[in-house]
$ cat run.pdb   # PDB, C-alpha atoms and all ligand atoms
ATOM      1  CA  MET A 811       0.000   0.000   0.000
ATOM      2  CA  ALA A 812       1.283   3.409  -0.892
ATOM      3  CA  PHE A 813      -0.149   6.887  -0.775
ATOM      4  CA  TYR A 814       0.126   9.648  -3.284
ATOM      5  CA  LEU A 815      -0.691  13.327  -3.290
ATOM      6  CA  THR A 816      -2.669  14.987  -6.020
ATOM      7  CA  SER A 817      -5.053  17.866  -6.472
ATOM      8  CA  THR A 818      -8.653  17.380  -5.443
ATOM      9  CA  LYS A 819     -11.942  18.777  -6.649
ATOM     10  CA  HIS A 820     -12.687  20.733  -3.483
ATOM     11  CA  THR A 821      -9.731  21.308  -1.248
ATOM     12  CA  GLY A 822      -6.367  21.663  -2.979
ATOM     13  CA  THR A 823      -3.915  18.832  -2.482
ATOM     14  CA  GLY A 824      -5.158  15.599  -0.935
ATOM     15  CA  MET A 825      -3.844  12.197   0.096
ATOM     16  CA  PHE A 826      -4.958   9.202  -1.985
ATOM     17  CA  THR A 827      -4.385   5.464  -1.760
ATOM     18  CA  ASP A 828      -3.094   3.459  -4.711
ATOM     19  CA  GLU A 829      -4.634   0.206  -3.408
ATOM     20  CA  PRO A 830      -7.902  -0.803  -1.745
ATOM     21  CA  ILE A 831      -7.811  -0.483   2.041
ATOM     22  CA  MET A 832      -9.708  -2.669   4.512
ATOM     23  CA  ASN A 833     -11.855  -1.134   7.222
ATOM     24  CA  GLY A 834      -9.771  -0.847  10.387
ATOM     25  CA  ALA A 835      -6.379  -0.685   8.681
ATOM     26  CA  ILE A 836      -3.874   1.623  10.352
ATOM     27  CA  LEU A 837      -2.423   3.981   7.772
ATOM     28  CA  GLU A 838      -0.166   6.975   8.289
ATOM     29  CA  ARG A 839       1.267   8.327  11.528
ATOM     30  CA  PHE A 840       0.875  11.998  12.327
ATOM     31  CA  GLY A 841       4.208  13.352  13.506
ATOM     32  CA  GLY A 842       5.787  16.652  14.354
ATOM     33  CA  GLU A 843       6.477  18.617  17.479
ATOM     34  CA  LEU A 844       4.089  19.584  20.241
ATOM     35  CA  TYR A 845       3.097  23.233  20.548
ATOM     36  CA  HIS A 846       1.111  25.178  23.082
ATOM     37  CA  LEU A 847      -1.786  27.152  21.634
ATOM     38  CA  GLN A 848       0.035  30.465  22.165
ATOM     39  CA  ASP A 849       3.003  29.254  20.071
ATOM     40  CA  CYS A 850       0.942  28.160  17.049
ATOM     41  CA  ASP A 851       0.540  30.326  13.971
ATOM     42  CA  ALA A 852      -2.789  32.125  13.788
ATOM     43  CA  ASP A 853      -3.915  29.771  11.018
ATOM     44  CA  ARG A 854      -3.996  26.534  12.963
ATOM     45  CA  GLY A 855      -5.085  24.501   9.938
ATOM     46  CA  VAL A 856      -1.690  22.790   9.733
ATOM     47  CA  TYR A 857      -1.786  21.774  13.408
ATOM     48  CA  LEU A 858      -3.597  18.825  14.911
ATOM     49  CA  GLN A 859      -5.182  19.530  18.288
ATOM     50  CA  VAL A 860      -4.150  16.686  20.606
ATOM     51  CA  ASP A 861      -5.202  18.022  24.024
ATOM     52  CA  HIS A 862      -6.611  21.167  25.599
ATOM     53  CA  GLU A 863      -4.430  23.972  24.147
ATOM     54  CA  ILE A 864      -1.832  21.432  22.917
ATOM     55  CA  TYR A 865      -1.168  20.858  19.216
ATOM     56  CA  LEU A 866       0.919  18.575  17.057
ATOM     57  CA  GLY A 867       2.732  20.478  14.338
ATOM     58  CA  PRO A 868       3.172  19.456  10.703
ATOM     59  CA  SER A 869       4.759  16.036  10.253
ATOM     60  CA  LEU A 870       7.578  17.224   8.020
ATOM     61  CA  ASP A 871       6.000  16.444   4.708
ATOM     62  CA  ARG A 872       4.502  13.074   5.421
ATOM     63  CA  ALA A 873       1.369  12.404   3.427
ATOM     64  CA  SER A 874      -0.667  12.924   6.610
ATOM     65  CA  ASP A 875      -0.033  16.665   6.359
ATOM     66  CA  TYR A 876      -2.302  16.643   3.319
ATOM     67  CA  THR A 877      -5.252  14.660   4.610
ATOM     68  CA  ASN A 878      -8.334  16.745   4.059
ATOM     69  CA  HIS A 879     -11.513  17.045   6.040
ATOM     70  CA  SER A 880     -14.740  15.401   4.931
ATOM     71  CA  CYS A 881     -18.149  15.555   6.598
ATOM     72  CA  ALA A 882     -18.578  11.931   5.392
ATOM     73  CA  PRO A 883     -15.069  10.584   6.068
ATOM     74  CA  ASN A 884     -13.574   7.198   5.215
ATOM     75  CA  CYS A 885     -10.881   7.566   7.918
ATOM     76  CA  GLY A 886     -10.557   8.683  11.497
ATOM     77  CA  LEU A 887      -7.756   9.151  13.984
ATOM     78  CA  LEU A 888      -6.506   6.444  16.320
ATOM     79  CA  TRP A 889      -5.163   7.954  19.546
ATOM     80  CA  ILE A 890      -2.327   6.108  21.296
ATOM     81  CA  ALA A 891      -0.790   9.170  22.966
ATOM     82  CA  ILE A 892      -0.823  12.917  22.310
ATOM     83  CA  ASP A 893       2.291  12.557  20.171
ATOM     84  CA  GLU A 894       1.314   9.220  18.649
ATOM     85  CA  VAL A 895      -1.728   9.505  16.413
ATOM     86  CA  TYR A 896      -2.525   7.422  13.338
ATOM     87  CA  LEU A 897      -4.895   7.730  10.446
ATOM     88  CA  VAL A 898      -7.142   4.638  10.487
ATOM     89  CA  ALA A 899      -9.678   3.452   7.917
ATOM     90  CA  ILE A 900     -13.287   3.470   9.194
ATOM     91  CA  ALA A 901     -14.682   1.945   5.995
ATOM     92  CA  ASP A 902     -13.521  -0.269   3.162
ATOM     93  CA  ILE A 903     -11.822   2.159   0.772
ATOM     94  CA  PRO A 904     -11.350   1.544  -2.959
ATOM     95  CA  ALA A 905      -8.115   2.236  -4.815
ATOM     96  CA  ASP A 906      -7.567   5.832  -5.876
ATOM     97  CA  ALA A 907      -9.974   7.225  -3.308
ATOM     98  CA  GLU A 908      -9.041  10.284  -1.303
ATOM     99  CA  LEU A 909      -8.435   9.640   2.404
ATOM    100  CA  CYS A 910     -10.322  12.079   4.618
ATOM    101  CA  TRP A 911     -11.263  12.409   8.254
ATOM    102  CA  ASP A 912     -13.657  14.684  10.117
ATOM    103  CA  TYR A 913     -11.633  17.519  11.651
ATOM    104  CA  SER A 914     -14.398  18.165  14.185
ATOM    105  CA  THR A 915     -13.503  14.897  15.932
ATOM    106  CA  SER A 916     -10.329  16.512  17.318
ATOM    107  CA  THR A 917     -11.382  20.110  17.767
ATOM    108  CA  ALA A 918     -12.230  21.497  21.196
ATOM    109  CA  GLU A 919     -11.588  25.205  21.447
ATOM    110  CA  TYR A 920     -13.712  27.898  22.997
ATOM    111  CA  GLY A 921     -14.611  31.515  22.544
ATOM    112  CA  PRO A 922     -14.646  33.788  19.508
ATOM    113  CA  ASP A 923     -11.047  32.914  18.567
ATOM    114  CA  ARG A 924     -11.776  29.201  18.295
ATOM    115  CA  TRP A 925     -10.650  27.529  15.087
ATOM    116  CA  THR A 926     -13.325  26.952  12.443
ATOM    117  CA  MET A 927     -13.182  26.327   8.713
ATOM    118  CA  ASN A 928     -15.765  26.644   5.996
ATOM    119  CA  CYS A 929     -16.447  23.317   4.311
ATOM    120  CA  SER A 930     -17.423  22.502   0.775
ATOM    121  CA  CYS A 931     -16.440  18.834   0.856
ATOM    122  CA  GLY A 932     -19.294  17.914  -1.454
ATOM    123  CA  ALA A 933     -20.795  15.225   0.782
ATOM    124  CA  PRO A 934     -24.607  15.255   0.889
ATOM    125  CA  GLU A 935     -24.348  15.632   4.671
ATOM    126  CA  CYS A 936     -21.843  18.502   4.470
ATOM    127  CA  ARG A 937     -22.231  20.747   7.507
ATOM    128  CA  GLY A 938     -20.843  23.824   5.713
ATOM    129  CA  LEU A 939     -18.728  24.762   8.725
ATOM    130  CA  ILE A 940     -16.159  22.666  10.548
ATOM    131  CA  ASP A 941     -16.608  23.532  14.202
ATOM    132  CA  GLN A 942     -15.851  21.997  17.595
ATOM    133  CA  PHE A 943     -16.718  18.404  18.509
ATOM    134  CA  ASP A 944     -19.397  19.555  20.950
ATOM    135  CA  THR A 945     -21.271  21.280  18.101
ATOM    136  CA  LEU A 946     -21.866  18.036  16.200
ATOM    137  CA  PRO A 947     -25.300  16.401  16.328
ATOM    138  CA  VAL A 948     -25.405  13.996  19.279
ATOM    139  CA  LYS A 949     -25.981  11.047  16.975
ATOM    140  CA  LEU A 950     -22.837  11.876  15.001
ATOM    141  CA  GLN A 951     -20.817  12.359  18.194
ATOM    142  CA  GLN A 952     -21.904   8.911  19.364
ATOM    143  CA  HIS A 953     -21.118   7.424  15.947
ATOM    144  CA  TYR A 954     -17.536   8.706  16.046
ATOM    145  CA  ILE A 955     -17.050   7.714  19.695
ATOM    146  CA  GLY A 956     -18.292   4.228  18.822
ATOM    147  CA  LEU A 957     -15.691   4.018  16.064
ATOM    148  CA  GLY A 958     -12.971   4.890  18.600
ATOM    149  CA  VAL A 959     -11.768   7.969  16.716
ATOM    150  CA  VAL A 960     -12.484  10.681  19.295
ATOM    151  CA  PRO A 961      -9.684  11.607  21.721
ATOM    152  CA  PRO A 962     -10.435  11.977  25.454
ATOM    153  CA  PHE A 963     -10.055  15.778  25.465
ATOM    154  CA  ALA A 964     -12.826  16.116  22.878
ATOM    155  CA  GLN A 965     -15.091  13.544  24.551
ATOM    156  CA  GLU A 966     -14.793  15.487  27.817
ATOM    157  CA  THR A 967     -16.404  18.518  26.181
ATOM    158  CA  ILE A 968     -19.766  16.770  25.785
ATOM    159  CA  LYS A 969     -20.056  15.315  29.289
TER     160      LYS A 969
HETATM  161 ZN    ZN A1001     -18.343  19.183   4.445
END

$ encode --input "run.pdb" --output "structure tokens" --more "lines below"
Ligand SMILES: [Zn+2]
Amino acid sequence: MAFYLTSTKHTGTGMFTDEPIMNGAILERFGGELYHLQDCDADRGVYLQVDHEIYLGPSLDRASDYTNHSCAPNCGLLWIAIDEVYLVAIADIPADAELCWDYSTSTAEYGPDRWTMNCSCGAPECRGLIDQFDTLPVKLQQHYIGLGVVPPFAQETIK
């Protein structure tokens, strides 16, 4: 199995698979250094939130830096530790499909400066805005938690 980067219809460069992937397969590791919120660039789109006010920086040009958001994702994130996070398939994925995960599963910020992103992923269920985990419909929150792709810091925000 290998991944390749190419341009996508909606969101610039994306990460694709050259072979079919089985549901549950562990794919790419997210790497990089840990940053506190105050040390991140204002555009936090290249950072992965891994705990309250803690972020994992870009993984030095691994394919995972280019995984896009989808409101109907075929991947999620598997959380081993705050600096050990993997992309994992949550569906059977055909060859040459783009690998996407739902950014809201790892987003728990508060106040007017919280990170959000407009979405035009093209999925029928597109929410239009990528916002914090606690803003998702309860049914969708439970779906993602059931798949094991929601980190503890995000789950805490809905208790
Ligand atoms: Zn969307």

$ residues_near_ligand --input "run.pdb" --ligand "ligand ZN 1001 (chain A)" --cutoff "9 Å" --atoms "only C-alpha atoms and all ligand atoms" --output "ChimeraX atom specification"
/A:879-882,912,928-940

$ resolve_selection --input "run.pdb" --expression "the PyMOL selection byres (((chain A and resi 850) around 12) and not hetatm)" --output "PyMOL selection string"
chain A and resi 843-849+851-859+863-868+925

$ atom_distance --input "run.pdb" --atom1 "CA of Asn878 in chain A" --atom2 "CA of Thr967 in chain A"
23.6 Å

$ closest_residue --input "run.pdb" --among "A:Thr818, A:Asp941, A:Ala918, A:Leu957" --to "Leu887 in chain A" --atoms "only C-alpha atoms"
A:Leu957

$ closest_residue --input "run.pdb" --among "A:His862, A:Arg924, A:Arg872, A:Lys819" --to "Gln965 in chain A" --atoms "all atoms listed in the file"
A:His862

$ residues_around --input "run.pdb" --residues "Thr917 in chain A" --least-positions-apart "4" --cutoff "7 Å" --atoms "only C-alpha atoms" --output "PyMOL selection string"
chain A and resi 859+913+942-943+964

$ atom_distance --input "run.pdb" --atom1 "CA of Met927 in chain A" --atom2 "CA of Gly958 in chain A"
23.6 Å

$ residues_around --input "run.pdb" --residues "Phe826 in chain A" --least-positions-apart "3" --cutoff "6 Å" --atoms "all atoms listed in the file" --output "PyMOL selection string"
chain A and resi 813-814+906-909

$ closest_residue --input "run.pdb" --among "A:Thr816, A:Thr945, A:Thr827, A:Thr915" --to "Phe963 in chain A" --atoms "all atoms listed in the file"
A:Thr915

$ build_atoms --input "run.pdb" --residues "range 924-947 of chain A" --atoms "N, CA and C atoms" --output "PDB file, keeping the file's coordinate frame"
ATOM      1  N   ARG A 924     -11.899  30.632  18.564  1.00  0.00           N
ATOM      2  CA  ARG A 924     -11.776  29.201  18.295  1.00  0.00           C
ATOM      3  C   ARG A 924     -11.590  28.970  16.799  1.00  0.00           C
ATOM      4  N   TRP A 925     -10.906  27.859  16.486  1.00  0.00           N
ATOM      5  CA  TRP A 925     -10.650  27.529  15.087  1.00  0.00           C
ATOM      6  C   TRP A 925     -11.918  26.986  14.437  1.00  0.00           C
ATOM      7  N   THR A 926     -12.260  27.536  13.266  1.00  0.00           N
ATOM      8  CA  THR A 926     -13.325  26.952  12.443  1.00  0.00           C
ATOM      9  C   THR A 926     -12.875  27.044  10.994  1.00  0.00           C
ATOM     10  N   MET A 927     -13.529  26.284  10.135  1.00  0.00           N
ATOM     11  CA  MET A 927     -13.182  26.327   8.713  1.00  0.00           C
ATOM     12  C   MET A 927     -14.458  26.090   7.910  1.00  0.00           C
ATOM     13  N   ASN A 928     -14.638  26.902   6.885  1.00  0.00           N
ATOM     14  CA  ASN A 928     -15.765  26.644   5.996  1.00  0.00           C
ATOM     15  C   ASN A 928     -15.526  25.349   5.251  1.00  0.00           C
ATOM     16  N   CYS A 929     -16.587  24.601   4.998  1.00  0.00           N
ATOM     17  CA  CYS A 929     -16.447  23.317   4.311  1.00  0.00           C
ATOM     18  C   CYS A 929     -17.293  23.279   3.059  1.00  0.00           C
ATOM     19  N   SER A 930     -16.670  22.774   1.996  1.00  0.00           N
ATOM     20  CA  SER A 930     -17.423  22.502   0.775  1.00  0.00           C
ATOM     21  C   SER A 930     -16.966  21.144   0.276  1.00  0.00           C
ATOM     22  N   CYS A 931     -17.000  20.149   1.172  1.00  0.00           N
ATOM     23  CA  CYS A 931     -16.440  18.834   0.856  1.00  0.00           C
ATOM     24  C   CYS A 931     -17.267  18.089  -0.183  1.00  0.00           C
ATOM     25  N   GLY A 932     -18.494  18.537  -0.409  1.00  0.00           N
ATOM     26  CA  GLY A 932     -19.294  17.914  -1.454  1.00  0.00           C
ATOM     27  C   GLY A 932     -20.134  16.739  -0.986  1.00  0.00           C
ATOM     28  N   ALA A 933     -19.969  16.324   0.270  1.00  0.00           N
ATOM     29  CA  ALA A 933     -20.795  15.225   0.782  1.00  0.00           C
ATOM     30  C   ALA A 933     -22.235  15.709   0.946  1.00  0.00           C
ATOM     31  N   PRO A 934     -23.208  14.844   0.699  1.00  0.00           N
ATOM     32  CA  PRO A 934     -24.607  15.255   0.889  1.00  0.00           C
ATOM     33  C   PRO A 934     -24.865  15.774   2.301  1.00  0.00           C
ATOM     34  N   GLU A 935     -24.139  15.214   3.279  1.00  0.00           N
ATOM     35  CA  GLU A 935     -24.348  15.632   4.671  1.00  0.00           C
ATOM     36  C   GLU A 935     -23.402  16.748   5.098  1.00  0.00           C
ATOM     37  N   CYS A 936     -22.808  17.442   4.124  1.00  0.00           N
ATOM     38  CA  CYS A 936     -21.843  18.502   4.470  1.00  0.00           C
ATOM     39  C   CYS A 936     -22.473  19.519   5.422  1.00  0.00           C
ATOM     40  N   ARG A 937     -21.732  19.830   6.484  1.00  0.00           N
ATOM     41  CA  ARG A 937     -22.231  20.747   7.507  1.00  0.00           C
ATOM     42  C   ARG A 937     -21.958  22.204   7.152  1.00  0.00           C
ATOM     43  N   GLY A 938     -21.110  22.452   6.136  1.00  0.00           N
ATOM     44  CA  GLY A 938     -20.843  23.824   5.713  1.00  0.00           C
ATOM     45  C   GLY A 938     -19.811  24.541   6.554  1.00  0.00           C
ATOM     46  N   LEU A 939     -19.701  24.154   7.820  1.00  0.00           N
ATOM     47  CA  LEU A 939     -18.728  24.762   8.725  1.00  0.00           C
ATOM     48  C   LEU A 939     -18.149  23.655   9.594  1.00  0.00           C
ATOM     49  N   ILE A 940     -16.830  23.618   9.660  1.00  0.00           N
ATOM     50  CA  ILE A 940     -16.159  22.666  10.548  1.00  0.00           C
ATOM     51  C   ILE A 940     -15.974  23.378  11.879  1.00  0.00           C
ATOM     52  N   ASP A 941     -16.643  22.879  12.892  1.00  0.00           N
ATOM     53  CA  ASP A 941     -16.608  23.532  14.202  1.00  0.00           C
ATOM     54  C   ASP A 941     -16.213  22.482  15.250  1.00  0.00           C
ATOM     55  N   GLN A 942     -16.352  22.834  16.507  1.00  0.00           N
ATOM     56  CA  GLN A 942     -15.851  21.997  17.595  1.00  0.00           C
ATOM     57  C   GLN A 942     -16.669  20.704  17.734  1.00  0.00           C
ATOM     58  N   PHE A 943     -16.044  19.698  18.351  1.00  0.00           N
ATOM     59  CA  PHE A 943     -16.718  18.404  18.509  1.00  0.00           C
ATOM     60  C   PHE A 943     -18.066  18.553  19.198  1.00  0.00           C
ATOM     61  N   ASP A 944     -18.137  19.450  20.198  1.00  0.00           N
ATOM     62  CA  ASP A 944     -19.397  19.555  20.950  1.00  0.00           C
ATOM     63  C   ASP A 944     -20.517  20.214  20.148  1.00  0.00           C
ATOM     64  N   THR A 945     -20.213  20.703  18.939  1.00  0.00           N
ATOM     65  CA  THR A 945     -21.271  21.280  18.101  1.00  0.00           C
ATOM     66  C   THR A 945     -21.892  20.250  17.159  1.00  0.00           C
ATOM     67  N   LEU A 946     -21.320  19.052  17.102  1.00  0.00           N
ATOM     68  CA  LEU A 946     -21.866  18.036  16.200  1.00  0.00           C
ATOM     69  C   LEU A 946     -23.206  17.521  16.743  1.00  0.00           C
ATOM     70  N   PRO A 947     -24.080  17.062  15.850  1.00  0.00           N
ATOM     71  CA  PRO A 947     -25.300  16.401  16.328  1.00  0.00           C
ATOM     72  C   PRO A 947     -24.935  15.217  17.233  1.00  0.00           C
TER      73      PRO A 947
END
